[in-house]
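Q: My structure file structure.pdb, PDB, C-alpha atoms, is below:
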```pdb
MODEL        1
ATOM      1  CA  LEU S 289      65.564  12.626  37.540
ATOM      2  CA  PHE S 290      64.077   9.201  36.926
ATOM      3  CA  ASP S 291      67.474   7.640  36.216
ATOM      4  CA  SER S 292      68.457   8.348  39.811
ATOM      5  CA  LEU S 293      65.479   6.723  41.551
ATOM      6  CA  SER S 294      66.591   4.544  44.425
ATOM      7  CA  SER S 295      66.526   0.776  43.927
ATOM      8  CA  LYS S 296      63.538   0.677  46.286
ATOM      9  CA  TYR S 297      61.387   1.842  43.328
ATOM     10  CA  GLU S 298      63.080  -0.124  40.551
ATOM     11  CA  GLY S 299      60.536  -1.680  38.199
ATOM     12  CA  LYS S 300      57.611   0.046  39.908
ATOM     13  CA  PHE S 301      55.043   2.496  38.579
ATOM     14  CA  PHE S 302      55.920   6.064  39.596
ATOM     15  CA  GLY S 303      53.732   8.196  37.351
ATOM     16  CA  PHE S 304      52.858   9.067  33.800
ATOM     17  CA  LYS S 305      52.995  11.827  31.207
ATOM     18  CA  ARG S 306      49.647  13.212  30.044
ATOM     19  CA  ALA S 307      49.010  15.329  26.934
ATOM     20  CA  ILE S 308      46.934  18.481  27.373
ATOM     21  CA  ASN S 309      47.096  19.601  23.743
ATOM     22  CA  ASP S 310      49.564  19.341  20.835
ATOM     23  CA  SER S 311      52.271  21.374  22.548
ATOM     24  CA  GLU S 312      51.635  20.991  26.298
ATOM     25  CA  PHE S 313      51.690  18.066  28.679
ATOM     26  CA  GLU S 314      51.825  17.286  32.400
ATOM     27  CA  TRP S 315      53.893  14.858  34.426
ATOM     28  CA  CYS S 316      51.781  13.100  37.041
ATOM     29  CA  ILE S 317      54.060  11.798  39.806
ATOM     30  CA  LEU S 318      52.862   9.525  42.607
ATOM     31  CA  ASN S 319      52.824  11.235  46.016
ATOM     32  CA  GLU S 320      55.386   8.863  47.520
ATOM     33  CA  ILE S 321      57.848   9.379  44.646
ATOM     34  CA  PHE S 322      57.403  13.149  44.720
ATOM     35  CA  ARG S 323      57.919  13.335  48.486
ATOM     36  CA  HIS S 324      60.788  10.873  48.866
ATOM     37  CA  GLU S 325      62.667  11.202  45.561
ATOM     38  CA  VAL S 326      61.838  14.468  43.765
ATOM     39  CA  CYS S 327      61.893  16.545  46.964
ATOM     40  CA  LYS S 328      64.590  14.493  48.677
ATOM     41  CA  GLY S 329      66.497  16.818  51.018
ATOM     42  CA  ILE S 330      64.057  19.699  50.449
ATOM     43  CA  ASP S 331      61.215  20.907  52.669
ATOM     44  CA  LEU S 332      58.119  19.503  50.907
ATOM     45  CA  ARG S 333      55.834  22.368  51.956
ATOM     46  CA  LEU S 334      58.295  24.973  50.715
ATOM     47  CA  ALA S 335      58.761  23.134  47.402
ATOM     48  CA  VAL S 336      54.987  22.897  46.883
ATOM     49  CA  ARG S 337      54.494  26.575  47.759
ATOM     50  CA  VAL S 338      57.178  27.696  45.273
ATOM     51  CA  LEU S 339      55.894  25.407  42.507
ATOM     52  CA  LYS S 340      52.326  26.688  43.004
ATOM     53  CA  LYS S 341      53.490  30.312  43.016
ATOM     54  CA  HIS S 342      55.200  29.858  39.644
ATOM     55  CA  LYS S 343      52.234  27.880  38.252
ATOM     56  CA  ILE S 344      54.358  24.775  37.723
ATOM     57  CA  LEU S 345      52.397  22.588  40.144
ATOM     58  CA  CYS S 346      48.889  22.056  38.766
ATOM     59  CA  THR S 347      46.122  21.671  41.341
ATOM     60  CA  ARG S 348      42.397  21.077  41.007
ATOM     61  CA  LYS S 349      41.366  22.379  44.433
ATOM     62  CA  GLN S 350      42.779  25.301  46.373
ATOM     63  CA  ASP S 351      43.412  23.295  49.551
ATOM     64  CA  LYS S 352      44.949  20.178  47.920
ATOM     65  CA  SER S 353      48.400  20.033  46.342
ATOM     66  CA  SER S 354      47.944  16.612  44.775
ATOM     67  CA  VAL S 355      45.283  15.312  42.397
ATOM     68  CA  PRO S 356      43.490  11.934  42.464
ATOM     69  CA  PHE S 357      43.491   9.748  39.332
ATOM     70  CA  LYS S 358      42.065   6.289  38.768
ATOM     71  CA  ILE S 359      44.778   4.019  37.413
ATOM     72  CA  PRO S 360      44.018   0.566  35.931
ATOM     73  CA  HIS S 361      45.139  -2.278  38.240
ATOM     74  CA  LEU S 362      46.041   0.273  40.934
ATOM     75  CA  GLY S 363      42.760   2.033  41.707
ATOM     76  CA  PHE S 364      42.698   5.618  42.908
ATOM     77  CA  ALA S 365      45.983   7.246  43.803
ATOM     78  CA  ARG S 366      47.088  10.828  44.433
ATOM     79  CA  PHE S 367      49.628  12.484  42.154
ATOM     80  CA  TYR S 368      51.546  15.736  42.088
ATOM     81  CA  VAL S 369      50.986  17.216  38.624
ATOM     82  CA  ILE S 370      53.884  19.176  37.112
ATOM     83  CA  SER S 371      53.252  21.398  34.086
ATOM     84  CA  SER S 372      55.432  21.204  30.991
ATOM     85  CA  LEU S 373      56.076  24.922  31.614
ATOM     86  CA  VAL S 374      58.877  23.776  33.900
ATOM     87  CA  MET S 375      60.873  23.141  30.712
ATOM     88  CA  ASP S 376      60.588  26.865  29.837
ATOM     89  CA  CYS S 377      62.425  27.903  33.015
TER      90      CYS S 377
ENDMDL
END
```
Here is the file; what I need is its structure written in the form of structure tokens.

A:
Amino acid sequence: LFDSLSSKYEGKFFGFKRAINDSEFEWCILNEIFRHEVCKGIDLRLAVRVLKKHKILCTRKQDKSSVPFKIPHLGFARFYVISSLVMDC
């Protein structure tokens, strides 16, 4: 996935991997990257609905699909949070 990011994002911050416990983690992907690269060519709302249904997209609030995080030197930004359970599919 990240090897195929368009040159528009080359050398830029696009997200991070966060440990939950010893065996689980989450990928936190910036909204813009998720919308324009991960879901490129796919209906975003449909993708989010399917990921939520299968408990792959982690949300903190029922009405929000992305989660805010404070990032050093960037401030607050919204991220789509993908569970490591996606690797079990």

Q: Find the distance between CA of Ile321 in chain S and CA of Phe364 in chain S and write it in Å to one decimal.

A: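 One can read the CA of Ile321 in chain S to CA of Phe364 in chain S distance as 15.7 Å.
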
Q: Taking the file as shown, find all residues satisfying the PyMOL selection byres ((chain S and resi 352-359) around 12) and write them as a count of residues only.

A: 43

Q: Could you tell me which residues the PyMOL selection byres ((chain S and resi 312) around 12) returns for this structure, as a PyMOL selection string?

A: chain S and resi 305-311+313-315+370-376

Q: Taking every listed atom of range 363-370 of chain S and adding 3 Å to each side, what centre and edge lengths in Å (one decimal) does the axis-aligned box have, as AutoDock Vina command-line options?

A:
```
--center_x 48.3 --center_y 10.6 --center_z 40.8 --size_x 17.2 --size_y 23.1 --size_z 13.3
```
